[in-house]
Amino acid sequence: MSLRWCTTLIALPLLAACGTSGSNPCKPPEANFSVQGTNGTPYKVVGFNSGDTPAHVFMASAADLLAPHTFYLINTNYPVTGSFVSDPNATEDVPVFLRSPDLESVIATGVIAQSSDVPITLNTGPSPIDCPVAQSAIRIRVEMFTETTGAFDVPFVTTVGDENNSFLACGLNRVCSTPTTIYFDNAQNSFDAIITKSIGDTQVVDLQVYVDEGSGETLRGTDRATQDNRTAKVHVEF
């Protein structure tokens, strides 16, 4: 874990602190599936699996997905796998990059082939650090997007976490852009999501938090980051 990561989180007291606080002081590396390509190219997510037993399957965040889109899987046991397949309406290939922002590395790359109905699968392999995750049945999905049609890559930063751990999830340069989906597994007792949009952008960024306690997802909180109020926050307790 980098010093920059800890320093940033100190300014966010709403979330758990860095270091050895809480019952799960170490943090497994984030897995970042970055779907790229021409803006507006459709594709489909088959699902995301983590290394937990039994394996978790995270369904797609929306029925119709458009590139570019970034997916994070956070606070979950390795290996992490993501599977993607072409949309029948796609007119070109869509490249996908699997990264570990914490390790500042590209783990794997692939292409969602426009001419194929065979899914591609990218896998992190085993975790490079020994950091077992405190298990919980709670799964969180965080959506960050703009409602403006065709508005991609609206920049923002985001921090998410439960009572034990905080994660600054924003790519290799720690800057996110819309649309982004975060899956936070094994949440403990409460969850917070905070986003702050760029001061120079006029777009509104919507924040939605869904909670699955074992019987399906429920929308538990929403907020909006605007030009006048650039920070959006959602707090959820289970």
# chains A, B, ... in the order shown; residues from 1 in each chain; ligands from 1

call {"tool": "residues_around", "arguments": {"residues": "Gly200 in chain A", "least_positions_apart": "2", "cutoff": "12 Å", "atoms": "only C-alpha atoms", "output": "VMD selection string"}}
result
chain A and resid 154 to 156 196 to 198 202 to 204 226 to 228 230

call {"tool": "select_by_dssp", "arguments": {"residues": "range 112-157 of chain A", "states": "strand (DSSP E)", "output": "list of chain:residue names"}}
result
A:Ile112, A:Ile120, A:Thr121, A:Leu122, A:Asn123, A:Arg139, A:Ile140, A:Arg141, A:Val142, A:Glu143, A:Met144, A:Phe145, A:Pro155, A:Phe156, A:Val157

call {"tool": "closest_residue", "arguments": {"among": "A:Phe71, A:Phe238, A:Tyr43, A:Phe48", "to": "Met144 in chain A", "atoms": "only C-alpha atoms"}}
result
A:Phe71
